Amino acid sequence: MNARRWQSLTPYLLLLPSAVFLLVFFAYPMAEAFVLAFRAENGEWTLKFFQQMISDVAFAPALQTTLVLIVILIPVQFVVALTMALLVQARLRGSSLFLYIYAIPLGISELAAGIVWFAIFTERGYLNTLLTGLGLLAEPFIFLSYERQGWLLLAVVLAEVWRATSIIMVILVSGLQGIPHEYLEAADVFGATLWDKVWRVILPLLRPSLQVALILRTILAFQVFAVAMAVAGTGITLLAAEAYRWYWSYRNPNVAAAYAALIMALSITSTVLYLWGLRTRSEELAL
Amino acid sequence: MNAPAWSRRVARAGVYALAVLMALWVLLPIYLLGVASFSPQLGVYQYPKPFFPQPFSVETMAFFLKAHGVVRAAQSSVVVAVITIGLATVVGAPAGYAIARFAFRGRDAFRVLVVSTRAFPIVILSIPLAVTFINWGIYDSVYSLALMHTALALPFTILITSSVFASVPKDLEEAAMTLGCSRLGALLRVSLPLALPGLAAATLFTFVLSWNEVFAAVILTVTNRTLPALVLTQLNESPLPYRFAGGFFMLAPSLVFMLFIRRYLFNLWGRVVK
C-alpha cells in the first residue's frame with residue numbers, strides 16, 4: 001500500500017474504535033430492547049408485554065404525569081433559559097460569574113436535585129419555615145403527601161426547572177453568540193424596544209438553537225425518574241420510574257423493555273413533530 | 001443629568017437585579033441543603049429550620065459517610081468514573097482528532113451519528129444491556145458499568161476533543177512537520193500540549209457525567225452500587241440526615257468542576273447548532 005493511500009485511510013482508522021463502540025453499545029441494545037419487548041419466552045412475536053404494561057394500574061397515571069410534566073416544564077424552562085441567556089449576553093459586569101452560577105445545575109444529578117427540593121418542600125423543611133415565619137401558615141403544611149398530587153407535581157416541576165434549565169441556557173447562549181451585532185444595532189436604529197428585538201430579531205434567528213434545545217430537552221424529560229423519586233417517593237410515578245420498577249421490583253425485563261420502547265417511540269415522535277413544526281415556519285419566514 | 005440617561009440607568013439596574021435574582025434562584029437551594037448538611041444531626045430535624053448552621057458541624061456529614069456501604073459506593077463511583085475517563089479518551093480522542101484535522105468522506109455523517117446518540121434514552125440502553133450482561137456473566141460489576149458510561153460519555157468526548165483540536169492552529173502542526181517531525185511527532189509535541197487544557201475539561205465533563213448517572217447504575221449493579229445508585233435505593237428507608245448529607249455530597253463536585261468546564265460548554269453546543 002503506498003503512502004498516499006495510507007494517508008487517506010488514516011481518518012477512518014482513527015474513527016474505527018468509536019464507531020465500533022457506539023454500534024455495540026447503541027445499535028445492539030436497541031435491537032435487543034425490541035426483541036425483549038416483542039418476543040415471548042417461546043420465541044414467538046407477541047404484544048402481551050405491551051398488554052401487560054397497559055393493563056397495569058400505574059400505567060395511565062405514569063403516562064399522564066410524564067406528559068403533563070413535559071407540557072408544563074418545557075415552556076417555563078425556555079422562558080427562564082432565554083432570560084438567563086440574554087442576561088449572560090447583556091455584557092454585564094461579572095457576566096462570567098453569572099454564567100458560572102447559571103451553569104452549575106448542569107453538573108448536578110437528577111437525584112441530588114431531587115434531594116435539594118425535598119429539603120425545601122418536606123414537612124419540616126425550608127418552605128414551611130419561611131411561610132410560618134412570615135405568618136402565612138400557623139403550622140407546617142404537608143406538601144409532599146400522596147393525596148396532594150398537585151403539590152407533588154409542582155415540587156417535581158420546580159426541581160426539574162431548577163436542574164435542567166442550564167443545558168437550554170448553554171445552547172441558547174451559543175446560538176446568541178452567532179447572531180451578528182449589526183442586526184441588533186439596526187433594530188436599535190429603527191427604535192425597536194427590547195421586546196421587539198427579542199420577538200422580531202433574536203427569536204427568529206435563534207430558531208436552529210431553539211430546535212436543538214427543544215428536541216434534546218423533551219427527550220431527556222421523558223426519562224426523568226430520580227428527581228420524582230427523591231421529591232415525591234412513590235407518590236408520583238413516571239414512565240421511566242415504571243420501567244425501573246418492572247425491572248427491579250417485579251423482575252420482569254420484558255415489560256420494562258416495553259416501557260423503554262414506549263419512551264423511545266415518544267422521543268422519536270416529539271423529535272419529528274419539532275422538526276416538522278419548526279421547519280414550516282422557517283420556510284414561511286424565508287418568503 | 002437628562003431624563004433618557006437617567007431612565008437608562010434605572011433599566012440597567014433592573015437588568016442587574018434580574019441577573020442577581022436568577023443567580024439566587026440557582027444558589028439558594030444549594031445553600032439551604034448545605035446548611036442542613038452541616039448542622040448537627042438534631043438540627044436537621046429542628047423546626048423552624050435555621051437559615052444558617054447553628055452551630056456549624058460535620059456530624060451529619062460524618063453520619064452519612066459512616067453509614068453502611070457509603071464509602072465503598074463512593075469508591076465504586078470513583079473507579080467507574082476513572083475507567084470511563086480512560087476508555088472514553090482512548091476511544092474517543094482519536095475520532096475527535098480525525099474530525100478536526102482531516103477532510104474525508106462521511107465526516108458529516110459521522111458527526112450527525114455522534115450527535116444523535118446523545119438524544120438516546122438511557123432507559124432503552126440499560127435494560128437490554130442488563131439482560132445481556134447477565135448472559136455474559138459480567139453483570140453487577142464496576143467494569144461493565146464503566147463500559148456503559150463510556151458509551152454515554154463517548155459522544156461528548158468526541159465533540160469536545162474535536163473542537164479542542166480544531167482550536168489548535170493547523171499551521172503549527174504543519175510547521176513542525178516541515179521541520180522534520182512525523183505527523184505523530186507533531187501531534188505529540190505540538191498539538192497535544194496546546195490541547196491539554198481542553199482535554200482536561202473533557203475529562204472533568206466525563207467525570208461529572210459518570211458520577212451523576214443513576215439509571216444505568218441502579219439497573220446494572222446489585223452489590224457493587226455506585227453512590228447515586230446506593231442513595232436512590234436507600235431513599236425510602238433512610239433518615240433525613242442521610243438524605244441531606246448524601247445529596248450535598250453528590251452535588252459538591254459539580255460546584256468545582258463547572259468552574260473549569262464552563263468555557264468549553266459552548267464549544268460543545270455551539271458547533272452542533274451550526
# chains A, B, ... in the order shown; residues from 1 in each chain; ligands from 1
>>> select_by_dssp(residues="stretch 32-275 of chain A", states="helix (DSSP H, G or I)", output="ChimeraX atom specification")
/A:32-38,48-55,59-88,95-107,110-121,126-133,149-177,181-189,194-205,207-221,226-232,239-248,253-275
>>> residues_around(residues="stretch 202-211 of chain A", least_positions_apart="2", cutoff="8 Å", atoms="only C-alpha atoms", output="VMD selection string")
(chain A and resid 171 to 172 175 to 176 179 197 to 200 213 to 215 274 to 275 278 282) or (chain B and resid 273 to 274)
>>> write_last_selection(atoms="C-alpha atoms", output="PDB file, in the first residue's frame")
ATOM      1  CA  ILE A 171     -27.398  26.010  23.906  1.00  0.00           C
ATOM      2  CA  LEU A 172     -29.176  29.370  23.602  1.00  0.00           C
ATOM      3  CA  GLY A 175     -26.865  30.436  19.475  1.00  0.00           C
ATOM      4  CA  LEU A 176     -26.935  34.083  20.593  1.00  0.00           C
ATOM      5  CA  ILE A 179     -26.182  36.467  15.872  1.00  0.00           C
ATOM      6  CA  LYS A 197     -35.792  42.845  19.432  1.00  0.00           C
ATOM      7  CA  VAL A 198     -36.463  39.613  21.262  1.00  0.00           C
ATOM      8  CA  TRP A 199     -39.539  38.705  19.210  1.00  0.00           C
ATOM      9  CA  ARG A 200     -38.574  40.000  15.769  1.00  0.00           C
ATOM     10  CA  ALA A 213     -32.699  22.578  22.698  1.00  0.00           C
ATOM     11  CA  LEU A 214     -36.375  21.623  22.391  1.00  0.00           C
ATOM     12  CA  ILE A 215     -35.606  18.211  20.957  1.00  0.00           C
ATOM     13  CA  TYR A 274     -40.443  19.593  16.378  1.00  0.00           C
ATOM     14  CA  LEU A 275     -38.517  19.180  13.134  1.00  0.00           C
ATOM     15  CA  LEU A 278     -40.289  24.499  13.231  1.00  0.00           C
ATOM     16  CA  SER A 282     -38.873  28.958   8.954  1.00  0.00           C
TER      17      SER A 282
ATOM     18  CA  VAL B 273     -26.160  24.218  16.175  1.00  0.00           C
ATOM     19  CA  LYS B 274     -24.233  25.476  13.152  1.00  0.00           C
TER      20      LYS B 274
END
>>> atom_distance(atom1="atom CA of B:Asn224", atom2="atom CA of B:Gly69")
9.5 Å
>>> residues_around(residues="stretch 191-207 of chain B", least_positions_apart="2", cutoff="8 Å", atoms="only C-alpha atoms", output="NGL selection string")
:B and (81-82 or 84-85 or 89 or 153 or 156-157 or 160-161 or 164-165 or 168 or 172-173 or 186-189 or 209-211 or 257 or 260-261 or 264)
>>> closest_residue(among="A:Ala155, A:Val20, A:Leu134, A:Ile219", to="chain B", atoms="only C-alpha atoms")
A:Ile219
>>> atom_distance(atom1="atom CA of B:Tyr97", atom2="atom CA of B:Ser163")
8.8 Å
>>> residues_around(residues="B:Arg105", least_positions_apart="3", cutoff="12 Å", atoms="only C-alpha atoms", output="CSV table (one decimal) with N, CA and C atoms, in the first residue's frame")
chain,number,residue,atom,x,y,z
A,8,SER,N,-4.9,8.5,3.2
A,8,SER,CA,-6.4,8.7,3.1
A,8,SER,C,-7.2,7.8,4.0
A,9,LEU,N,-6.5,6.7,4.4
A,9,LEU,CA,-7.2,5.8,5.3
A,9,LEU,C,-7.1,6.2,6.8
A,11,PRO,N,-7.9,8.8,8.7
A,11,PRO,CA,-9.1,9.3,9.5
A,11,PRO,C,-10.0,8.1,9.8
A,12,TYR,N,-10.2,7.2,8.8
A,12,TYR,CA,-11.1,6.1,9.1
A,12,TYR,C,-10.6,5.2,10.2
B,98,ALA,N,-9.5,13.2,14.3
B,98,ALA,CA,-9.8,12.9,12.9
B,98,ALA,C,-10.8,14.0,12.3
B,99,ILE,N,-11.8,14.2,13.1
B,99,ILE,CA,-12.8,15.1,12.7
B,99,ILE,C,-12.3,16.6,12.6
B,102,PHE,N,-8.8,16.1,9.5
B,102,PHE,CA,-8.9,15.6,8.2
B,102,PHE,C,-10.2,15.9,7.5
B,108,ASP,N,-19.3,14.4,7.9
B,108,ASP,CA,-20.5,15.0,8.5
B,108,ASP,C,-21.5,13.9,8.9
B,109,ALA,N,-21.6,12.8,8.2
B,109,ALA,CA,-22.4,11.7,8.6
B,109,ALA,C,-22.1,11.2,9.9
B,110,PHE,N,-20.7,11.0,10.1
B,110,PHE,CA,-20.3,10.5,11.4
B,110,PHE,C,-20.6,11.5,12.6
B,111,ARG,N,-20.5,12.8,12.3
B,111,ARG,CA,-20.8,13.8,13.3
B,111,ARG,C,-22.3,13.7,13.7
>>> closest_residue(among="B:Phe64, B:Phe215, B:Phe120, B:Trp136", to="B:Gly246", atoms="only C-alpha atoms")
B:Phe64
>>> atom_distance(atom1="atom CA of A:Ala27", atom2="atom CA of B:Arg107")
19.5 Å
